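**Q** Attaching a single structure in structure tokens format; questions to follow.
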Amino acid sequence: MLLWHFTLTPFLLVSAAMAAEDSDRLLQNRLRAHIEFLANDHLRGRQPGSDGYNIAANYVRSQFLQIGLMPAGNEGTFFQQVPLRKAFLEPGSAQMVIHRNGEEYPQVFVEQFFVGPSLNQQSSALDAGMVFAGYGIDAPELEYNDYVNIDVDGKVVVFFAGQPHDFPSEEGAHFASRMEHRKAAVLRGAVGMVMIHTPRAAQRYKWDRIKSLVGMPAMAWLNEKGEPHGVFDQLRAQASFSHTAAQVLFDGAPLDLATLIAMDENAEALPAFELKGKIKMSQRSSHESISSPNVVAVLPGSDPLLANEYVVYTAHLDHLGELKTTGPEAEHGDVINNGALDNASGISVMLETARLFAQGEPPRRSIMFIAVTAEEKGLVGSEYFAMNPTVPIESIVSEVNLDMPLLLYDFGDVIAFGAQHSSMGDSVREAANSLGVELTPDPFPEQNMFVRSDHYRFVQQGVPSVFLVTGMKSMDEGIDTQPIFEGFLQQHYHKPSDDINLPIHYGAAARFTRVNAKIGEIIANTPERPQWHEGDFFGRTYAK
């Protein structure tokens, strides 16, 4: 018997290793199958409200059903229908003219300025004076206010994109967000806003990319009165201005644009002052009411005391649809924004995370999975769910968001944007380390990633949340990931070339899925729910 025991042990070890290898290979195959389906040309870029998006939503529903999850949408279904207003800018209707000293200075749409479609007004126009207000920020918590000693009542606020250099990046990104800009301006009576796209802003988003927005719809969810959420009727016009053309706004002002840009780049405080002349803006938009579903499912928890609490995973299912303008992609016949990595990859990881949970021991807390719509339109679907949840918002203990994990190399670390704000950071680190992966702090805080994806809508409801992506390190020390990472952002991000022809590393996708599942497992089985750190800005601002 002793001889038999020693003979069998190596066999069992080999068999276990082979089973693990087979399991990983099957996981990789499933991830590939999801991505290739969701990024197929037949789905036409998954624009919310389109047939392609609805096919994708039904695909996710089918996968949830196969995995064995319970529906958690509305009326016993997997769908939470989001009522949306879709707005298109009427071609040729966007006009901007600067009036000064009896002269008129017409501006050229896209080349010099850009306005998107209006979500609340089918036709809008204003003719008003202008005030330069630095960054247009009012941040009492940071003892900062660009509106001190200036009067913007009945005027257009002109401001630089971005935030002061000494602002904490994530808190600063909150105050520099479009919504906070609008609130600050509206509170003081402004009737319009013009944001100048500075060279510093261009490091993150080049002005040339504005052209890809032409012809694309804007969207907002509708409240019970049929009104678009987060829109201020008082603001009759909002525009962006290229810094190469914006000097016309500052002619005759106390400081010229070149001086102000130098101050912005050198971290000097920006002044505020009235601008000479008036600005006239007008546009026309067409409106359409549509519906697009969030797809919601739950794996019930096993603990009678904790099963009514939820660990939530989100990933956005939508993408940009099809290009409406001419350009290199259109000239080569490719106008479909397939979104293989943004965000078919995130949906795929979420689906396989759900499968891993369903195949293992049931967690103590329930796990909720949400494929959200209209992320590309301003985090619209996730905001709708967070403000109209299908379970009590106070029962959601944490949220993990999956948006564009860069699965192009064998990553050696993960980044969890927001991990430093709550005890979730400890759970992410434990999960990553258990699978031989490091947790790396945010390597590019200037990108303000914490406020730029769906998890932030849960943060705004007081839920500790993180945004999980692959990091910049590689398991193969001979691979420099920087060119890969930057190359994707420059050549493929929000372009038709983000498709299944990219060299997606499915082994990395499988490991990322296991890290992701481990995070939820730790949180779901820990008796204490995650907590905001004492004194954290987001906890103070949003926790109920």
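Within each chain, counting starts at residue 1; across the structure tokens, chains are named A, B, ... in the order shown, with ligands numbered 1 upward in that order.
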Got a sec: who's within 12 Å of range 476-480 of chain A, counting only C-alpha atoms, leaving out chain neighbours fewer than 4 positions off, as a compact mmCIF listing (two decimals) with C-alpha atoms, in the first residue's frame?
**A**
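Listing of out.txt after writing:
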```txt
# COMPACT_ATOMS: atom_id res chain seq x y z
CA LEU A 408 -2.66 43.37 -24.88
CA TYR A 409 0.16 41.95 -22.76
CA ASP A 410 0.71 39.59 -19.84
CA PHE A 411 0.18 42.17 -17.08
CA GLY A 412 2.00 41.96 -13.75
CA ASP A 413 -0.07 44.49 -11.80
CA MET A 472 1.60 48.93 -16.75
CA ILE A 484 1.72 49.29 -26.17
CA PHE A 485 -0.38 51.31 -23.75
CA GLU A 486 0.22 54.67 -25.41
CA GLY A 487 -0.09 53.16 -28.87
CA ALA A 508 -4.04 37.84 -19.38
```
**Q** Please, which residues of range 39-96 of chain A, numbered as in this document, come out alpha helix (DSSP H) from DSSP, as a VMD selection string?
**A** chain A and resid 51 to 67
**Q** Those residues you just picked out, can you put them in a file as a compact mmCIF listing (two decimals), in the first residue's frame with all heavy atoms?
**A**
```
# COMPACT_ATOMS: atom_id res chain seq x y z
N ASP A 51 -30.50 48.53 -32.92
CA ASP A 51 -30.69 47.08 -32.99
C ASP A 51 -29.43 46.35 -32.51
O ASP A 51 -29.51 45.32 -31.84
CB ASP A 51 -31.00 46.66 -34.43
CG ASP A 51 -32.40 47.10 -34.88
OD1 ASP A 51 -33.22 47.43 -34.00
OD2 ASP A 51 -32.64 47.12 -36.09
N GLY A 52 -28.26 46.90 -32.85
CA GLY A 52 -27.01 46.27 -32.42
C GLY A 52 -26.87 46.23 -30.91
O GLY A 52 -26.44 45.21 -30.34
N TYR A 53 -27.23 47.33 -30.24
CA TYR A 53 -27.16 47.32 -28.77
C TYR A 53 -28.15 46.31 -28.21
O TYR A 53 -27.83 45.57 -27.26
CB TYR A 53 -27.45 48.70 -28.19
CG TYR A 53 -27.39 48.68 -26.67
CD1 TYR A 53 -26.18 48.87 -26.02
CD2 TYR A 53 -28.51 48.38 -25.91
CE1 TYR A 53 -26.10 48.79 -24.63
CE2 TYR A 53 -28.45 48.29 -24.53
CZ TYR A 53 -27.24 48.50 -23.90
OH TYR A 53 -27.17 48.40 -22.53
N ASN A 54 -29.35 46.26 -28.76
CA ASN A 54 -30.36 45.34 -28.25
C ASN A 54 -29.94 43.88 -28.43
O ASN A 54 -30.23 43.03 -27.58
CB ASN A 54 -31.71 45.60 -28.92
CG ASN A 54 -32.29 46.95 -28.51
OD1 ASN A 54 -31.98 47.47 -27.44
ND2 ASN A 54 -33.12 47.52 -29.37
N ILE A 55 -29.26 43.58 -29.53
CA ILE A 55 -28.72 42.23 -29.72
C ILE A 55 -27.70 41.93 -28.62
O ILE A 55 -27.71 40.85 -28.01
CB ILE A 55 -28.07 42.10 -31.10
CG1 ILE A 55 -29.15 42.14 -32.20
CG2 ILE A 55 -27.27 40.80 -31.21
CD1 ILE A 55 -28.58 42.26 -33.60
N ALA A 56 -26.82 42.90 -28.33
CA ALA A 56 -25.83 42.71 -27.28
C ALA A 56 -26.50 42.51 -25.92
O ALA A 56 -26.08 41.67 -25.12
CB ALA A 56 -24.89 43.92 -27.24
N ALA A 57 -27.55 43.29 -25.65
CA ALA A 57 -28.24 43.17 -24.37
C ALA A 57 -28.89 41.80 -24.23
O ALA A 57 -28.85 41.18 -23.15
CB ALA A 57 -29.29 44.28 -24.25
N ASN A 58 -29.48 41.30 -25.29
CA ASN A 58 -30.08 39.97 -25.25
C ASN A 58 -29.02 38.88 -25.11
O ASN A 58 -29.27 37.83 -24.49
CB ASN A 58 -30.95 39.74 -26.48
CG ASN A 58 -32.34 40.33 -26.32
OD1 ASN A 58 -33.12 39.85 -25.51
ND2 ASN A 58 -32.63 41.37 -27.07
N TYR A 59 -27.85 39.11 -25.69
CA TYR A 59 -26.75 38.17 -25.52
C TYR A 59 -26.34 38.09 -24.05
O TYR A 59 -26.18 36.99 -23.50
CB TYR A 59 -25.56 38.61 -26.37
CG TYR A 59 -24.35 37.71 -26.24
CD1 TYR A 59 -24.23 36.55 -26.98
CD2 TYR A 59 -23.30 38.04 -25.38
CE1 TYR A 59 -23.12 35.72 -26.86
CE2 TYR A 59 -22.18 37.23 -25.25
CZ TYR A 59 -22.10 36.07 -26.00
OH TYR A 59 -20.99 35.26 -25.87
N VAL A 60 -26.19 39.24 -23.40
CA VAL A 60 -25.82 39.25 -21.99
C VAL A 60 -26.91 38.59 -21.15
O VAL A 60 -26.62 37.79 -20.24
CB VAL A 60 -25.56 40.69 -21.51
CG1 VAL A 60 -25.37 40.74 -20.00
CG2 VAL A 60 -24.32 41.26 -22.21
N ARG A 61 -28.17 38.89 -21.45
CA ARG A 61 -29.27 38.24 -20.73
C ARG A 61 -29.18 36.72 -20.87
O ARG A 61 -29.35 35.98 -19.89
CB ARG A 61 -30.61 38.73 -21.30
CG ARG A 61 -31.81 38.00 -20.72
CD ARG A 61 -33.06 38.23 -21.56
NE ARG A 61 -34.16 37.42 -21.08
CZ ARG A 61 -34.37 36.14 -21.39
NH1 ARG A 61 -33.51 35.53 -22.22
NH2 ARG A 61 -35.39 35.46 -20.91
N SER A 62 -28.92 36.25 -22.11
CA SER A 62 -28.82 34.81 -22.34
C SER A 62 -27.69 34.20 -21.52
O SER A 62 -27.84 33.11 -20.94
CB SER A 62 -28.58 34.55 -23.82
OG SER A 62 -28.35 33.18 -24.07
N GLN A 63 -26.56 34.88 -21.45
CA GLN A 63 -25.43 34.38 -20.66
C GLN A 63 -25.77 34.34 -19.17
O GLN A 63 -25.45 33.37 -18.48
CB GLN A 63 -24.20 35.25 -20.90
CG GLN A 63 -23.63 35.17 -22.31
CD GLN A 63 -23.13 33.78 -22.66
OE1 GLN A 63 -22.45 33.14 -21.86
NE2 GLN A 63 -23.49 33.31 -23.85
N PHE A 64 -26.40 35.39 -18.66
CA PHE A 64 -26.83 35.39 -17.26
C PHE A 64 -27.73 34.19 -16.97
O PHE A 64 -27.61 33.52 -15.93
CB PHE A 64 -27.57 36.68 -16.93
CG PHE A 64 -26.69 37.89 -16.73
CD1 PHE A 64 -27.24 39.17 -16.82
CD2 PHE A 64 -25.35 37.77 -16.44
CE1 PHE A 64 -26.46 40.30 -16.62
CE2 PHE A 64 -24.54 38.89 -16.24
CZ PHE A 64 -25.10 40.16 -16.33
N LEU A 65 -28.65 33.92 -17.88
CA LEU A 65 -29.58 32.82 -17.71
C LEU A 65 -28.85 31.48 -17.72
O LEU A 65 -29.12 30.59 -16.89
CB LEU A 65 -30.63 32.87 -18.82
CG LEU A 65 -31.92 32.07 -18.64
CD1 LEU A 65 -32.66 32.53 -17.39
CD2 LEU A 65 -32.81 32.24 -19.86
N GLN A 66 -27.92 31.30 -18.66
CA GLN A 66 -27.16 30.06 -18.74
C GLN A 66 -26.33 29.83 -17.47
O GLN A 66 -26.20 28.69 -17.00
CB GLN A 66 -26.23 30.09 -19.95
CG GLN A 66 -26.92 30.02 -21.29
CD GLN A 66 -25.93 30.13 -22.43
OE1 GLN A 66 -24.87 29.52 -22.39
NE2 GLN A 66 -26.26 30.92 -23.44
N ILE A 67 -25.76 30.91 -16.94
CA ILE A 67 -24.91 30.80 -15.75
C ILE A 67 -25.74 30.41 -14.53
O ILE A 67 -25.23 29.77 -13.60
CB ILE A 67 -24.17 32.13 -15.51
CG1 ILE A 67 -23.12 32.33 -16.63
CG2 ILE A 67 -23.49 32.18 -14.15
CD1 ILE A 67 -22.55 33.74 -16.67
```
**Q** What's the 8 Å shell around range 360-362 of chain A, counting only C-alpha atoms, without same-chain residues fewer than 2 positions away, as a PyMOL selection string?
**A** chain A and resi 300-302+356-358+364
**Q** With all heavy atoms retained, export the selected residues as an mmCIF file, in the first residue's frame.
**A**
```cif
data_model
loop_
_atom_site.group_PDB
_atom_site.id
_atom_site.type_symbol
_atom_site.label_atom_id
_atom_site.label_comp_id
_atom_site.auth_asym_id
_atom_site.auth_seq_id
_atom_site.Cartn_x
_atom_site.Cartn_y
_atom_site.Cartn_z
ATOM 1 N N PRO A 300 -27.728 34.996 -5.589
ATOM 2 C CA PRO A 300 -28.122 35.185 -4.187
ATOM 3 C C PRO A 300 -27.042 34.714 -3.220
ATOM 4 O O PRO A 300 -26.356 33.717 -3.444
ATOM 5 C CB PRO A 300 -29.384 34.324 -4.057
ATOM 6 C CG PRO A 300 -29.904 34.189 -5.455
ATOM 7 C CD PRO A 300 -28.673 34.138 -6.316
ATOM 8 N N GLY A 301 -26.897 35.437 -2.134
ATOM 9 C CA GLY A 301 -25.950 35.070 -1.094
ATOM 10 C C GLY A 301 -26.477 33.935 -0.232
ATOM 11 O O GLY A 301 -27.666 33.623 -0.233
ATOM 12 N N SER A 302 -25.574 33.327 0.530
ATOM 13 C CA SER A 302 -25.929 32.143 1.319
ATOM 14 C C SER A 302 -26.161 32.445 2.792
ATOM 15 O O SER A 302 -26.725 31.616 3.509
ATOM 16 C CB SER A 302 -24.810 31.103 1.202
ATOM 17 O OG SER A 302 -23.581 31.632 1.712
ATOM 18 N N LEU A 356 -17.600 32.109 -12.595
ATOM 19 C CA LEU A 356 -16.734 31.590 -11.530
ATOM 20 C C LEU A 356 -17.465 31.564 -10.191
ATOM 21 O O LEU A 356 -17.337 30.599 -9.425
ATOM 22 C CB LEU A 356 -15.466 32.439 -11.428
ATOM 23 C CG LEU A 356 -14.474 32.331 -12.591
ATOM 24 C CD1 LEU A 356 -13.321 33.308 -12.395
ATOM 25 C CD2 LEU A 356 -13.937 30.910 -12.730
ATOM 26 N N PHE A 357 -18.229 32.605 -9.911
ATOM 27 C CA PHE A 357 -18.997 32.617 -8.665
ATOM 28 C C PHE A 357 -20.035 31.503 -8.655
ATOM 29 O O PHE A 357 -20.209 30.800 -7.648
ATOM 30 C CB PHE A 357 -19.697 33.967 -8.487
ATOM 31 C CG PHE A 357 -18.872 34.994 -7.775
ATOM 32 C CD1 PHE A 357 -18.374 36.085 -8.448
ATOM 33 C CD2 PHE A 357 -18.594 34.872 -6.418
ATOM 34 C CE1 PHE A 357 -17.612 37.044 -7.797
ATOM 35 C CE2 PHE A 357 -17.839 35.824 -5.750
ATOM 36 C CZ PHE A 357 -17.338 36.916 -6.441
ATOM 37 N N ALA A 358 -20.740 31.337 -9.771
ATOM 38 C CA ALA A 358 -21.817 30.354 -9.824
ATOM 39 C C ALA A 358 -21.295 28.923 -9.708
ATOM 40 O O ALA A 358 -22.007 28.037 -9.219
ATOM 41 C CB ALA A 358 -22.600 30.515 -11.124
ATOM 42 N N ARG A 364 -21.371 34.722 0.920
ATOM 43 C CA ARG A 364 -22.309 35.086 1.984
ATOM 44 C C ARG A 364 -23.222 36.235 1.539
ATOM 45 O O ARG A 364 -24.425 36.193 1.750
ATOM 46 C CB ARG A 364 -21.535 35.458 3.244
ATOM 47 C CG ARG A 364 -20.704 34.308 3.808
ATOM 48 C CD ARG A 364 -19.887 34.743 5.021
ATOM 49 N NE ARG A 364 -20.753 35.080 6.144
ATOM 50 C CZ ARG A 364 -20.307 35.588 7.302
ATOM 51 N NH1 ARG A 364 -19.005 35.830 7.454
ATOM 52 N NH2 ARG A 364 -21.155 35.858 8.267
#
```
**Q** Could you list, with a cut-off of 7 Å and counting only C-alpha atoms, the residues of range 190-301 of chain A near range 76-79 of chain A, each shown with its nearest atom pair and the distance in Å rounded to one decimal, rows sorted by chain and ascending number, as JSON lines?
**A**
```
{"residue": "A:Pro293", "atom": "CA", "partner": "A:Phe79", "partner_atom": "CA", "distance": 5.6}
{"residue": "A:Asn294", "atom": "CA", "partner": "A:Phe79", "partner_atom": "CA", "distance": 5.8}
{"residue": "A:Val295", "atom": "CA", "partner": "A:Phe79", "partner_atom": "CA", "distance": 4.8}
{"residue": "A:Val296", "atom": "CA", "partner": "A:Phe78", "partner_atom": "CA", "distance": 5.1}
{"residue": "A:Ala297", "atom": "CA", "partner": "A:Phe78", "partner_atom": "CA", "distance": 6.0}
```
**Q** Give me a file of those residues, with C-alpha atoms, as a PDB file, in the first residue's frame.
**A**
```
ATOM      1  CA  PRO A 293     -31.799  48.615 -21.112  1.00  0.00           C
ATOM      2  CA  ASN A 294     -29.345  48.061 -18.328  1.00  0.00           C
ATOM      3  CA  VAL A 295     -29.049  44.261 -17.986  1.00  0.00           C
ATOM      4  CA  VAL A 296     -29.149  43.244 -14.308  1.00  0.00           C
ATOM      5  CA  ALA A 297     -28.704  39.870 -12.603  1.00  0.00           C
TER       6      ALA A 297
END
```
**Q** Near Arg200 in chain A, counting only C-alpha atoms, which residues have an atom at most 12 Å away, once you skip same-chain residues fewer than 2 positions from it, shown as number ranges by chain?
**A** A: 160-165, 196-198, 202-207, 242-243, 261-267, 446-447
**Q** Which residues in range 318-367 of chain A does DSSP call strand (DSSP E or B)? List them as a list of chain:residue names.
**A**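 Matching residues for strand (DSSP E or B) in range 318-367 of chain A are A:Gly321, A:Glu322, A:Ile336, A:Asn337, A:Ser366, A:Ile367.
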**Q** Export all heavy atoms of the chosen residues as a CSV table (one decimal), in the first residue's frame?
**A**
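That gives us out10.csv:
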```csv
chain,number,residue,atom,x,y,z
A,321,GLY,N,-21.1,53.4,-31.8
A,321,GLY,CA,-21.9,53.3,-33.0
A,321,GLY,C,-21.0,53.5,-34.2
A,321,GLY,O,-19.8,53.0,-34.3
A,322,GLU,N,-21.5,54.2,-35.2
A,322,GLU,CA,-20.8,54.4,-36.5
A,322,GLU,C,-20.4,55.8,-36.7
A,322,GLU,O,-21.1,56.8,-36.3
A,322,GLU,CB,-21.6,53.9,-37.7
A,322,GLU,CG,-22.0,52.5,-37.6
A,322,GLU,CD,-23.0,52.1,-38.7
A,322,GLU,OE1,-22.5,52.1,-39.9
A,322,GLU,OE2,-24.1,51.7,-38.4
A,336,ILE,N,-17.3,51.5,-38.4
A,336,ILE,CA,-17.9,50.9,-37.2
A,336,ILE,C,-16.9,51.0,-36.1
A,336,ILE,O,-15.8,50.4,-36.1
A,336,ILE,CB,-18.3,49.5,-37.5
A,336,ILE,CG1,-19.3,49.4,-38.7
A,336,ILE,CG2,-19.0,48.9,-36.3
A,336,ILE,CD1,-19.7,48.0,-39.1
A,337,ASN,N,-17.4,51.6,-35.0
A,337,ASN,CA,-16.6,51.6,-33.7
A,337,ASN,C,-17.0,50.3,-33.0
A,337,ASN,O,-17.9,50.3,-32.2
A,337,ASN,CB,-16.9,52.9,-32.9
A,337,ASN,CG,-16.4,54.1,-33.6
A,337,ASN,OD1,-15.2,54.4,-33.7
A,337,ASN,ND2,-17.4,55.0,-34.0
A,366,SER,N,-24.9,38.6,-1.5
A,366,SER,CA,-25.3,38.5,-2.9
A,366,SER,C,-24.4,39.3,-3.8
A,366,SER,O,-23.9,40.3,-3.4
A,366,SER,CB,-26.8,39.0,-3.0
A,366,SER,OG,-27.7,38.2,-2.3
A,367,ILE,N,-24.3,38.8,-5.0
A,367,ILE,CA,-23.4,39.5,-6.0
A,367,ILE,C,-24.4,39.9,-7.1
A,367,ILE,O,-25.1,39.1,-7.7
A,367,ILE,CB,-22.4,38.5,-6.6
A,367,ILE,CG1,-21.6,37.8,-5.5
A,367,ILE,CG2,-21.4,39.3,-7.4
A,367,ILE,CD1,-20.8,38.7,-4.6
```
**Q** Between CA of Phe88 in chain A and CA of Gln490 in chain A, what is the distance, to one decimal in Å?
**A** 27.0 Å
**Q** If you measure from CA of Lys183 in chain A to CA of Gly226 in chain A, what distance in Å do you get, rounded to one decimal?
**A**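 According to the coordinates, CA of Lys183 in chain A and CA of Gly226 in chain A are separated by 21.3 Å.
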